[in-house]
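To keep things clear, I will list the structure first and then write my remarks on it.
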Amino acid sequence: MKAIVYERFGPPEVLQLREVEKPTPKDNEVLIRIHATTVSAEDPGMRRSPGLNGIGKPRKTILGFYLAGEIESVGKNVERFRVGDGVFGYTGMSLGAYAEYICRPEASVLAMKPANVTYEEAAAVPNGALTALYFLRDRANVQSGQNALIYGASGAVGTAAVQLAKCFGAEVTGVCSTTNLELVESLGADKVIDYTEEDFTKSGETYDIIFDAVGKSSFSRCKASLKNRGVYLTTVPTPATFLQMLWTSVAGGKSAIFGAASRSWSSDDLTFIKGLVEASNLRPVIDRRYPLQQAAEAHRYVEKGHKKGNVVLTVVPANPAQ
């Protein structure tokens with residue numbers, strides 16, 4: 001099978017299209033023919049530098065966290081899926097989605113694909129929606145009637161967060177750049193702030209929830225914009241945020257929250273998200289699509305830091321019947 005492989009850390013050019021051995025599912029696994037995957041914001045960092053994926057050289061040579069595809073075969077103990085099922089999911093640190101095939105345990109973060117979207121769109125759903133769901137529902141317990149501000153509302157996490165907060169009944173303010181105002185408004189935001197023109201922390205407005213989906217603010221900067229018992233959430237905490245999180249857990253009042261979202265994701269979360277997509281309450285946002293062999297170019301674009309929603313790698317070209 002074809003896959004994008006990297007055997008050393010470095011620039012986008014280290015990503016090479018190679019022929020590798022097609023995997024065979026174990027008794028508790030399914031073999032998925034991948035139709036599409038995404039280049040998440042984390043992927044270029046894992047490609048460039050030692051750390052999460054090895055020190056001297058990459059531990060896993062095929063990147064890719066998110067996928068959508070069709071089950072080609074199943075192990076003898078698999079009960080939840082059948083051959084021909086369309087699925088979407090998250091691979092965790094097993095990675096491996098930049099490829100034509102992958103094996104995943106039946107019990108992994110995997111669910112049936114939403115029926116009303118293509119495989120490309122399905123691949124773009126969990127990259128953002130799972131994180132946003134964890135922070136807004138599980139950590140902040142967002143409620144109907146609350147005011148939520150989403151900072152970085154045009155990225156993969158931000159576009160999902162705007163829609164999820166609306167689904168849970170919150171009044172939503174999105175913060176983004178000038179070029180993305182229309183997009184964020186189209187996702188249902190009640191108000192959109194252009195951060196190049198206005199600093200929301202100086203407006204006098206206060207919020208029950210401030211969710212920094214891009215890690216470019218701080219609790220200390222946002223604290224005055226929180227209501228009493230308000231919650232500040234961030235996907236990329238600083239050392240100061242950790243200290244503030246510990247302090248607020250003891251002192252009460254306004255809270256700073258960070259969590260390792262991916263450790264708590266489950267197939268139930270994906271199934272919940274699937275229902276929102278099929279009810280047209282959550283739509284994936286795709287900025288650009290690249291064929292698998294152009295993974296290096298996709299990385300160059302993503303690491304500029306200005307993508308809107310998701311960047312998709314297409315493994316099997318989409319067709320209207322998907």
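Every chain in the structure tokens has a letter given in the order shown (A, B, ...), and although residue numbers restart at 1 in each chain, ligands are simply numbered from 1 in the order shown.
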
Checklist entry - Which residues come within 12 Å of Glu297 of chain A, counting only C-alpha atoms, excluding same-chain residues fewer than 2 positions away, as a PyMOL selection string? => result chain A and resi 11-16+39+44+288-295+299-304+311-313

Next on the checklist: To test your reading of the structure, identify every residue in segment 29-224 of chain A that backbone DSSP assigns to alpha helix (DSSP H), and report it as a PyMOL selection string.
Outcome noted: chain A and resi 43-48+119-124+126-133+156-167+181-186+219-222

Item to check | Those in segment 110-266 of chain A with strand (DSSP E) from DSSP, as a VMD selection string | outcome: chain A and resid 110 to 112 147 to 151 171 to 176 191 to 194 207 to 212 226 to 234 255 to 257

Next, the residues of the selection above should be written as a tab-separated table (two decimals), in the first residue's frame with N, CA and C atoms.
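Below is the file selection-v2.tsv, written as the result:
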chain	number	residue	atom	x	y	z
A	110	LEU	N	-13.59	5.06	17.42
A	110	LEU	CA	-14.04	4.78	16.06
A	110	LEU	C	-15.56	4.66	16.09
A	111	ALA	N	-16.21	5.24	15.08
A	111	ALA	CA	-17.68	5.20	15.02
A	111	ALA	C	-18.13	5.19	13.57
A	112	MET	N	-19.40	4.90	13.36
A	112	MET	CA	-19.96	4.92	12.02
A	112	MET	C	-19.93	6.35	11.48
A	147	ASN	N	-23.04	32.83	28.49
A	147	ASN	CA	-22.30	33.57	27.47
A	147	ASN	C	-20.93	32.93	27.31
A	148	ALA	N	-20.60	32.50	26.09
A	148	ALA	CA	-19.32	31.86	25.84
A	148	ALA	C	-18.57	32.64	24.77
A	149	LEU	N	-17.30	32.90	25.03
A	149	LEU	CA	-16.43	33.54	24.03
A	149	LEU	C	-15.43	32.51	23.55
A	150	ILE	N	-15.33	32.37	22.23
A	150	ILE	CA	-14.38	31.43	21.62
A	150	ILE	C	-13.27	32.24	20.96
A	151	TYR	N	-12.07	32.14	21.49
A	151	TYR	CA	-10.91	32.86	20.92
A	151	TYR	C	-10.20	31.92	19.95
A	171	GLU	N	-25.03	31.71	24.35
A	171	GLU	CA	-24.87	32.84	23.44
A	171	GLU	C	-23.38	32.95	23.15
A	172	VAL	N	-23.02	32.93	21.88
A	172	VAL	CA	-21.62	32.75	21.50
A	172	VAL	C	-21.04	34.00	20.85
A	173	THR	N	-19.86	34.37	21.33
A	173	THR	CA	-19.06	35.42	20.70
A	173	THR	C	-17.80	34.76	20.14
A	174	GLY	N	-17.53	34.95	18.87
A	174	GLY	CA	-16.34	34.41	18.24
A	174	GLY	C	-15.30	35.50	18.01
A	175	VAL	N	-14.05	35.19	18.27
A	175	VAL	CA	-12.95	36.12	18.04
A	175	VAL	C	-12.04	35.55	16.97
A	176	CYS	N	-11.81	36.32	15.91
A	176	CYS	CA	-10.99	35.85	14.79
A	176	CYS	C	-10.45	37.06	14.04
A	191	LYS	N	-22.20	37.01	17.94
A	191	LYS	CA	-21.39	38.21	17.76
A	191	LYS	C	-20.00	37.76	17.34
A	192	VAL	N	-19.37	38.53	16.46
A	192	VAL	CA	-18.01	38.21	16.02
A	192	VAL	C	-17.13	39.44	16.23
A	193	ILE	N	-15.98	39.22	16.85
A	193	ILE	CA	-15.03	40.30	17.12
A	193	ILE	C	-13.78	40.10	16.28
A	194	ASP	N	-13.37	41.15	15.59
A	194	ASP	CA	-12.13	41.15	14.82
A	194	ASP	C	-11.00	41.56	15.76
A	207	TYR	N	-18.08	37.15	30.52
A	207	TYR	CA	-18.52	35.87	29.97
A	207	TYR	C	-18.48	34.78	31.03
A	208	ASP	N	-19.38	33.82	30.90
A	208	ASP	CA	-19.35	32.64	31.76
A	208	ASP	C	-18.19	31.74	31.40
A	209	ILE	N	-17.89	31.69	30.09
A	209	ILE	CA	-16.82	30.82	29.58
A	209	ILE	C	-15.99	31.58	28.57
A	210	ILE	N	-14.68	31.53	28.73
A	210	ILE	CA	-13.76	32.00	27.69
A	210	ILE	C	-12.91	30.79	27.30
A	211	PHE	N	-13.03	30.38	26.05
A	211	PHE	CA	-12.31	29.21	25.55
A	211	PHE	C	-11.29	29.67	24.52
A	212	ASP	N	-10.01	29.59	24.89
A	212	ASP	CA	-8.93	29.91	23.95
A	212	ASP	C	-8.58	28.64	23.20
A	226	LEU	N	-14.18	37.58	32.83
A	226	LEU	CA	-14.98	36.46	33.30
A	226	LEU	C	-15.98	36.91	34.36
A	227	LYS	N	-17.17	36.34	34.30
A	227	LYS	CA	-18.15	36.58	35.35
A	227	LYS	C	-17.71	35.85	36.63
A	228	ASN	N	-18.33	36.19	37.75
A	228	ASN	CA	-18.05	35.45	38.97
A	228	ASN	C	-18.39	33.97	38.74
A	229	ARG	N	-17.48	33.09	39.12
A	229	ARG	CA	-17.57	31.64	38.87
A	229	ARG	C	-17.35	31.31	37.40
A	230	GLY	N	-16.88	32.28	36.62
A	230	GLY	CA	-16.60	32.02	35.20
A	230	GLY	C	-15.40	31.10	35.03
A	231	VAL	N	-15.29	30.50	33.84
A	231	VAL	CA	-14.26	29.51	33.56
A	231	VAL	C	-13.44	29.93	32.34
A	232	TYR	N	-12.12	29.88	32.49
A	232	TYR	CA	-11.20	30.10	31.37
A	232	TYR	C	-10.62	28.75	30.96
A	233	LEU	N	-10.73	28.43	29.68
A	233	LEU	CA	-10.25	27.17	29.13
A	233	LEU	C	-9.17	27.45	28.10
A	234	THR	N	-8.14	26.62	28.06
A	234	THR	CA	-7.13	26.77	27.02
A	234	THR	C	-6.61	25.42	26.59
A	255	SER	N	-12.14	30.36	37.38
A	255	SER	CA	-11.29	29.17	37.25
A	255	SER	C	-10.52	29.14	35.94
A	256	ALA	N	-9.31	28.60	36.01
A	256	ALA	CA	-8.53	28.29	34.81
A	256	ALA	C	-8.49	26.78	34.66
A	257	ILE	N	-8.80	26.28	33.48
A	257	ILE	CA	-8.89	24.83	33.27
A	257	ILE	C	-8.09	24.43	32.04

Item to check | Near-Ala132 of chain A list (7 Å; only C-alpha atoms; drop same-chain fewer than 5 positions) as a ChimeraX atom specification | outcome: /A:157,160-161
